[in-house]
$ cat input-v6.txt   # compact mmCIF, N, CA, C and O atoms and all ligand atoms
# COMPACT_ATOMS: atom_id res chain seq x y z
N MET A 10 -1.33 -156.87 27.43
CA MET A 10 -2.51 -156.51 26.65
C MET A 10 -2.09 -155.65 25.46
O MET A 10 -1.22 -154.79 25.57
N VAL A 11 -2.73 -155.89 24.33
CA VAL A 11 -2.41 -155.14 23.11
C VAL A 11 -2.80 -153.69 23.28
O VAL A 11 -3.86 -153.37 23.82
N LYS A 12 -1.94 -152.80 22.81
CA LYS A 12 -2.23 -151.37 22.84
C LYS A 12 -2.22 -150.87 21.40
O LYS A 12 -1.26 -151.10 20.67
N ILE A 13 -3.32 -150.21 20.98
CA ILE A 13 -3.43 -149.74 19.60
C ILE A 13 -3.45 -148.22 19.58
O ILE A 13 -4.20 -147.59 20.33
N GLU A 14 -2.64 -147.65 18.71
CA GLU A 14 -2.64 -146.20 18.53
C GLU A 14 -2.87 -145.89 17.07
O GLU A 14 -2.32 -146.54 16.19
N ILE A 15 -3.72 -144.89 16.80
CA ILE A 15 -3.96 -144.43 15.44
C ILE A 15 -3.38 -143.03 15.28
O ILE A 15 -3.68 -142.14 16.08
N ASP A 16 -2.59 -142.87 14.27
CA ASP A 16 -2.03 -141.56 13.95
C ASP A 16 -3.08 -140.80 13.14
O ASP A 16 -3.29 -141.07 11.96
N GLU A 17 -3.75 -139.86 13.78
CA GLU A 17 -4.83 -139.13 13.12
C GLU A 17 -4.33 -138.29 11.95
O GLU A 17 -5.09 -137.98 11.03
N ASN A 18 -3.10 -137.91 11.98
CA ASN A 18 -2.55 -137.14 10.85
C ASN A 18 -2.38 -138.04 9.62
O ASN A 18 -2.48 -137.57 8.49
N ALA A 19 -2.13 -139.31 9.86
CA ALA A 19 -1.93 -140.24 8.74
C ALA A 19 -3.24 -140.82 8.23
O ALA A 19 -3.38 -141.09 7.04
N CYS A 20 -4.21 -141.04 9.13
CA CYS A 20 -5.49 -141.66 8.74
C CYS A 20 -6.22 -140.79 7.71
O CYS A 20 -6.42 -139.60 7.92
N VAL A 21 -6.62 -141.43 6.62
CA VAL A 21 -7.34 -140.70 5.56
C VAL A 21 -8.85 -140.97 5.63
O VAL A 21 -9.59 -140.54 4.75
N GLY A 22 -9.30 -141.69 6.66
CA GLY A 22 -10.73 -141.88 6.87
C GLY A 22 -11.40 -142.80 5.86
O GLY A 22 -12.60 -142.68 5.62
N CYS A 23 -10.66 -143.76 5.33
CA CYS A 23 -11.23 -144.65 4.31
C CYS A 23 -12.21 -145.66 4.90
O CYS A 23 -13.07 -146.19 4.20
N GLY A 24 -12.08 -145.96 6.20
CA GLY A 24 -13.00 -146.89 6.85
C GLY A 24 -12.68 -148.36 6.65
O GLY A 24 -13.43 -149.22 7.11
N SER A 25 -11.61 -148.67 5.97
CA SER A 25 -11.29 -150.08 5.70
C SER A 25 -11.07 -150.88 6.97
O SER A 25 -11.52 -152.03 7.09
N CYS A 26 -10.41 -150.29 7.94
CA CYS A 26 -10.15 -151.02 9.19
C CYS A 26 -11.47 -151.28 9.94
O CYS A 26 -11.65 -152.32 10.55
N VAL A 27 -12.39 -150.32 9.88
CA VAL A 27 -13.70 -150.49 10.52
C VAL A 27 -14.46 -151.64 9.86
O VAL A 27 -15.05 -152.49 10.54
N ASP A 28 -14.44 -151.68 8.55
CA ASP A 28 -15.19 -152.71 7.81
C ASP A 28 -14.57 -154.09 7.96
O ASP A 28 -15.29 -155.09 7.98
N ASP A 29 -13.28 -154.16 8.03
CA ASP A 29 -12.61 -155.46 7.92
C ASP A 29 -12.17 -156.08 9.24
O ASP A 29 -11.89 -157.29 9.28
N CYS A 30 -12.07 -155.34 10.30
CA CYS A 30 -11.63 -155.94 11.57
C CYS A 30 -12.66 -156.98 12.01
O CYS A 30 -13.84 -156.68 12.17
N PRO A 31 -12.25 -158.22 12.22
CA PRO A 31 -13.20 -159.28 12.58
C PRO A 31 -13.82 -159.08 13.96
O PRO A 31 -14.85 -159.68 14.26
N ASN A 32 -13.20 -158.27 14.79
CA ASN A 32 -13.70 -158.11 16.16
C ASN A 32 -14.24 -156.71 16.44
O ASN A 32 -14.44 -156.35 17.60
N ASP A 33 -14.49 -155.95 15.38
CA ASP A 33 -15.10 -154.60 15.53
C ASP A 33 -14.34 -153.73 16.53
O ASP A 33 -14.95 -153.05 17.37
N VAL A 34 -13.04 -153.76 16.41
CA VAL A 34 -12.21 -152.95 17.32
C VAL A 34 -12.31 -151.45 16.99
O VAL A 34 -12.20 -150.62 17.89
N TYR A 35 -12.58 -151.15 15.72
CA TYR A 35 -12.59 -149.74 15.30
C TYR A 35 -14.01 -149.27 14.99
O TYR A 35 -14.88 -150.04 14.60
N GLU A 36 -14.19 -147.97 15.13
CA GLU A 36 -15.38 -147.27 14.63
C GLU A 36 -14.92 -146.00 13.96
O GLU A 36 -13.82 -145.51 14.23
N MET A 37 -15.79 -145.45 13.10
CA MET A 37 -15.46 -144.17 12.50
C MET A 37 -15.89 -143.05 13.44
O MET A 37 -16.99 -143.08 14.00
N ASP A 38 -15.04 -142.07 13.63
CA ASP A 38 -15.41 -140.84 14.29
C ASP A 38 -15.94 -139.93 13.19
O ASP A 38 -15.16 -139.38 12.40
N GLU A 39 -17.27 -139.83 13.11
CA GLU A 39 -17.89 -139.10 11.98
C GLU A 39 -17.54 -137.62 12.01
O GLU A 39 -17.51 -136.97 10.96
N THR A 40 -17.31 -137.08 13.18
CA THR A 40 -16.98 -135.66 13.27
C THR A 40 -15.62 -135.36 12.66
O THR A 40 -15.46 -134.42 11.86
N LYS A 41 -14.66 -136.22 12.98
CA LYS A 41 -13.29 -136.01 12.49
C LYS A 41 -13.04 -136.71 11.16
O LYS A 41 -12.04 -136.44 10.50
N ASN A 42 -13.94 -137.65 10.79
CA ASN A 42 -13.73 -138.53 9.64
C ASN A 42 -12.41 -139.29 9.77
O ASN A 42 -11.60 -139.36 8.84
N LYS A 43 -12.20 -139.84 10.97
CA LYS A 43 -11.02 -140.66 11.26
C LYS A 43 -11.49 -141.91 11.98
O LYS A 43 -12.54 -141.93 12.64
N SER A 44 -10.70 -142.96 11.89
CA SER A 44 -10.98 -144.17 12.64
C SER A 44 -10.58 -143.97 14.10
O SER A 44 -9.63 -143.25 14.40
N LYS A 45 -11.32 -144.63 15.00
CA LYS A 45 -10.94 -144.59 16.41
C LYS A 45 -11.07 -145.99 17.00
O LYS A 45 -11.84 -146.82 16.52
N VAL A 46 -10.31 -146.25 18.03
CA VAL A 46 -10.32 -147.55 18.70
C VAL A 46 -11.40 -147.55 19.77
O VAL A 46 -11.41 -146.67 20.63
N VAL A 47 -12.32 -148.52 19.69
CA VAL A 47 -13.42 -148.56 20.66
C VAL A 47 -13.44 -149.86 21.47
O VAL A 47 -14.06 -149.90 22.53
N LYS A 48 -12.80 -150.92 20.96
CA LYS A 48 -12.82 -152.18 21.71
C LYS A 48 -11.42 -152.82 21.68
O LYS A 48 -11.21 -153.90 21.14
N GLU A 49 -10.50 -152.08 22.24
CA GLU A 49 -9.10 -152.52 22.20
C GLU A 49 -8.91 -153.92 22.80
O GLU A 49 -8.11 -154.72 22.31
N ASP A 50 -9.65 -154.21 23.88
CA ASP A 50 -9.49 -155.50 24.55
C ASP A 50 -9.88 -156.68 23.67
O ASP A 50 -9.50 -157.82 23.95
N ASP A 51 -10.65 -156.43 22.62
CA ASP A 51 -11.10 -157.51 21.73
C ASP A 51 -10.11 -157.79 20.61
O ASP A 51 -10.32 -158.71 19.81
N CYS A 52 -9.07 -157.00 20.51
CA CYS A 52 -8.07 -157.22 19.45
C CYS A 52 -7.36 -158.54 19.65
O CYS A 52 -6.88 -158.83 20.75
N MET A 53 -7.31 -159.36 18.60
CA MET A 53 -6.63 -160.65 18.70
C MET A 53 -5.29 -160.62 17.95
O MET A 53 -4.71 -161.66 17.67
N ALA A 54 -4.85 -159.43 17.61
CA ALA A 54 -3.53 -159.23 17.03
C ALA A 54 -3.33 -159.98 15.72
O ALA A 54 -2.24 -160.48 15.44
N CYS A 55 -4.38 -160.05 14.91
CA CYS A 55 -4.23 -160.72 13.61
C CYS A 55 -3.47 -159.85 12.62
O CYS A 55 -2.96 -160.34 11.62
N LEU A 56 -3.46 -158.56 12.87
CA LEU A 56 -2.76 -157.55 12.06
C LEU A 56 -3.33 -157.39 10.65
O LEU A 56 -2.67 -156.86 9.77
N SER A 57 -4.56 -157.86 10.44
CA SER A 57 -5.21 -157.64 9.14
C SER A 57 -5.35 -156.16 8.84
O SER A 57 -5.23 -155.73 7.69
N CYS A 58 -5.61 -155.38 9.87
CA CYS A 58 -5.79 -153.94 9.65
C CYS A 58 -4.51 -153.30 9.10
O CYS A 58 -4.58 -152.36 8.31
N HIS A 59 -3.39 -153.81 9.51
CA HIS A 59 -2.13 -153.28 8.97
C HIS A 59 -2.00 -153.57 7.48
O HIS A 59 -1.45 -152.78 6.73
N GLU A 60 -2.53 -154.70 7.07
CA GLU A 60 -2.44 -155.10 5.66
C GLU A 60 -3.29 -154.19 4.78
O GLU A 60 -2.92 -153.90 3.65
N ILE A 61 -4.43 -153.77 5.30
CA ILE A 61 -5.36 -153.03 4.45
C ILE A 61 -5.27 -151.52 4.60
O ILE A 61 -5.72 -150.80 3.73
N CYS A 62 -4.70 -151.03 5.67
CA CYS A 62 -4.64 -149.57 5.86
C CYS A 62 -3.72 -148.96 4.79
O CYS A 62 -2.55 -149.32 4.70
N PRO A 63 -4.25 -148.03 3.99
CA PRO A 63 -3.44 -147.47 2.91
C PRO A 63 -2.37 -146.49 3.39
O PRO A 63 -1.47 -146.13 2.62
N SER A 64 -2.46 -146.08 4.64
CA SER A 64 -1.50 -145.06 5.10
C SER A 64 -0.71 -145.48 6.34
O SER A 64 -0.07 -144.65 6.97
N GLU A 65 -0.77 -146.78 6.66
CA GLU A 65 -0.02 -147.30 7.81
C GLU A 65 -0.25 -146.44 9.05
O GLU A 65 0.69 -146.03 9.73
N ALA A 66 -1.53 -146.15 9.30
CA ALA A 66 -1.86 -145.18 10.35
C ALA A 66 -1.91 -145.78 11.74
O ALA A 66 -1.90 -145.04 12.72
N MET A 67 -2.03 -147.11 11.85
CA MET A 67 -2.15 -147.67 13.19
C MET A 67 -0.89 -148.39 13.62
O MET A 67 -0.11 -148.88 12.81
N GLU A 68 -0.73 -148.41 14.94
CA GLU A 68 0.41 -149.11 15.52
C GLU A 68 -0.09 -149.99 16.65
O GLU A 68 -0.91 -149.57 17.46
N HIS A 69 0.35 -151.22 16.66
CA HIS A 69 0.01 -152.15 17.74
C HIS A 69 1.24 -152.36 18.61
O HIS A 69 2.33 -152.64 18.11
N LYS A 70 1.05 -152.26 19.91
CA LYS A 70 2.14 -152.50 20.85
C LYS A 70 1.77 -153.67 21.75
O LYS A 70 0.60 -154.00 21.92
N ASN A 71 2.78 -154.25 22.35
CA ASN A 71 2.61 -155.38 23.29
C ASN A 71 2.06 -156.63 22.62
O ASN A 71 1.28 -157.37 23.23
N ILE A 72 2.43 -156.86 21.36
CA ILE A 72 2.01 -158.08 20.69
C ILE A 72 3.06 -159.16 20.90
O ILE A 72 4.25 -158.93 20.73
N HIS A 73 2.59 -160.35 21.28
CA HIS A 73 3.48 -161.48 21.42
C HIS A 73 3.09 -162.51 20.38
O HIS A 73 2.00 -163.09 20.45
N VAL A 74 3.93 -162.70 19.40
CA VAL A 74 3.62 -163.61 18.30
C VAL A 74 3.66 -165.04 18.79
O VAL A 74 4.60 -165.47 19.47
N ALA A 75 2.60 -165.79 18.46
CA ALA A 75 2.51 -167.18 18.89
C ALA A 75 3.52 -168.04 18.12
O ALA A 75 3.83 -167.77 16.97
N LYS A 76 4.00 -169.09 18.77
CA LYS A 76 4.89 -170.03 18.10
C LYS A 76 4.16 -170.73 16.98
O LYS A 76 3.00 -171.14 17.15
N ARG A 77 4.79 -170.84 15.84
CA ARG A 77 4.14 -171.50 14.71
C ARG A 77 4.07 -173.00 14.98
O ARG A 77 5.08 -173.62 15.31
N LEU A 78 2.88 -173.57 14.82
CA LEU A 78 2.70 -174.98 15.15
C LEU A 78 2.70 -175.88 13.92
O LEU A 78 2.76 -177.08 14.03
N TYR A 79 2.61 -175.29 12.73
CA TYR A 79 2.54 -176.09 11.53
C TYR A 79 3.61 -175.65 10.53
O TYR A 79 3.77 -174.47 10.29
N ILE A 80 4.34 -176.59 10.00
CA ILE A 80 5.28 -176.29 8.93
C ILE A 80 5.01 -177.29 7.81
O ILE A 80 4.91 -178.50 8.05
N ASP A 81 4.88 -176.79 6.61
CA ASP A 81 4.66 -177.65 5.46
C ASP A 81 5.77 -178.71 5.40
O ASP A 81 6.94 -178.42 5.62
N ARG A 82 5.41 -179.96 5.09
CA ARG A 82 6.39 -181.05 5.09
C ARG A 82 7.54 -180.78 4.14
O ARG A 82 8.68 -181.14 4.40
N ARG A 83 7.25 -180.15 3.01
CA ARG A 83 8.32 -179.87 2.06
C ARG A 83 9.32 -178.90 2.67
O ARG A 83 10.52 -179.05 2.54
N VAL A 84 8.80 -177.92 3.40
CA VAL A 84 9.67 -176.94 4.04
C VAL A 84 10.47 -177.60 5.15
O VAL A 84 11.68 -177.38 5.29
N SER A 85 9.80 -178.44 5.98
CA SER A 85 10.52 -179.08 7.07
C SER A 85 11.61 -180.00 6.53
O SER A 85 12.67 -180.13 7.13
N GLY A 86 11.35 -180.64 5.37
CA GLY A 86 12.38 -181.49 4.76
C GLY A 86 13.59 -180.69 4.35
O GLY A 86 14.74 -181.10 4.58
N ILE A 87 13.37 -179.54 3.78
CA ILE A 87 14.48 -178.66 3.40
C ILE A 87 15.23 -178.18 4.63
O ILE A 87 16.46 -178.17 4.67
N LEU A 88 14.49 -177.83 5.68
CA LEU A 88 15.13 -177.34 6.90
C LEU A 88 16.01 -178.41 7.53
O LEU A 88 17.10 -178.12 8.02
N LYS A 89 15.56 -179.70 7.49
CA LYS A 89 16.36 -180.77 8.07
C LYS A 89 17.69 -180.93 7.37
O LYS A 89 18.70 -181.30 7.95
N LYS A 90 17.70 -180.62 6.06
CA LYS A 90 18.94 -180.76 5.30
C LYS A 90 19.93 -179.65 5.59
O LYS A 90 21.14 -179.83 5.48
N ILE A 91 19.42 -178.48 5.92
CA ILE A 91 20.33 -177.35 6.05
C ILE A 91 20.62 -176.98 7.51
O ILE A 91 21.50 -176.17 7.77
N ILE A 92 19.83 -177.57 8.45
CA ILE A 92 20.09 -177.22 9.86
C ILE A 92 20.96 -178.29 10.49
O ILE A 92 20.77 -179.46 10.31
S1 LIG B 101 -5.13 -156.69 14.61
FE1 LIG B 101 -6.96 -157.79 13.83
S2 LIG B 101 -8.37 -157.85 15.60
FE2 LIG B 101 -6.80 -156.31 16.06
S3 LIG B 101 -7.65 -154.37 15.38
FE3 LIG B 101 -6.47 -155.17 13.65
S4 LIG B 101 -7.90 -156.35 12.38
FE4 LIG B 101 -8.85 -155.99 14.40
S1 LIG B 102 -7.69 -148.15 7.28
FE1 LIG B 102 -6.16 -146.63 7.95
S2 LIG B 102 -6.60 -144.79 6.77
FE2 LIG B 102 -8.42 -146.10 6.63
S3 LIG B 102 -9.75 -145.42 8.34
FE3 LIG B 102 -8.50 -147.11 9.12
S4 LIG B 102 -6.70 -146.11 10.08
FE4 LIG B 102 -7.70 -144.59 8.72

$ encode --input "input-v6.txt" --output "structure tokens" --more "lines below"
Ligand code: SF4
Ligand code: SF4
Amino acid sequence: MVKIEIDENACVGCGSCVDDCPNDVYEMDETKNKSKVVKEDDCMACLSCHEICPSEAMEHKNIHVAKRLYIDRRVSGILKKII
């Protein structure tokens, strides 16, 4: 299961992860003005929050990256020549 940790010292309270997470994993802690994890089990490990967080405040553990099922034909053609 994915484990998410937020470094409260790094979080600047911008709310981007709260707004953009497709599964509403985060909420704002209005008292601290920091993001907090409220639905960790719903995380699908898309890592979009890592892309948008301006301070790299969150860390995801126990992620298993799925095998890629699609490769562009042009890329696969190049790979066949060099492998
Ligand atoms: S990895 Fe994706 S689903 Fe998980 S908390 Fe970040 S944005 Fe939400
Ligand atoms: S995107 Fe990063 S800095 Fe902004 S609220 Fe979320 S954890 Fe904090």

$ residues_around --input "input-v6.txt" --residues "stretch 13-26 of chain A" --least-positions-apart "6" --cutoff "8 Å" --atoms "only N, CA, C and O atoms" --output "PyMOL selection string"
chain A and resi 32-38+41-46+49+57-59+61-71

$ axis_aligned_box --input "input-v6.txt" --around "stretch 44-62 of chain A" --padding-each-side "5 Å" --output "JSON"
{"center_x": -7.8, "center_y": -152.3, "center_z": 14.1, "size_x": 22.6, "size_y": 28.7, "size_z": 30.9}

$ residues_near_ligand --input "input-v6.txt" --ligand "ligand LIG 101 (chain B)" --cutoff "5 Å" --atoms "all atoms listed in the file" --output "ChimeraX atom specification"
/A:30-32,51-58

$ select_by_dssp --input "input-v6.txt" --residues "chain A" --states "strand (DSSP E)" --output "PyMOL selection string"
chain A and resi 12-15+35-38+43-46+67-70

$ atom_distance --input "input-v6.txt" --atom1 "atom CA of A:Asp29" --atom2 "atom CA of A:Asp81"
28.2 Å

$ atom_distance --input "input-v6.txt" --atom1 "atom CA of A:Lys89" --atom2 "atom O of A:Ile72"
28.0 Å
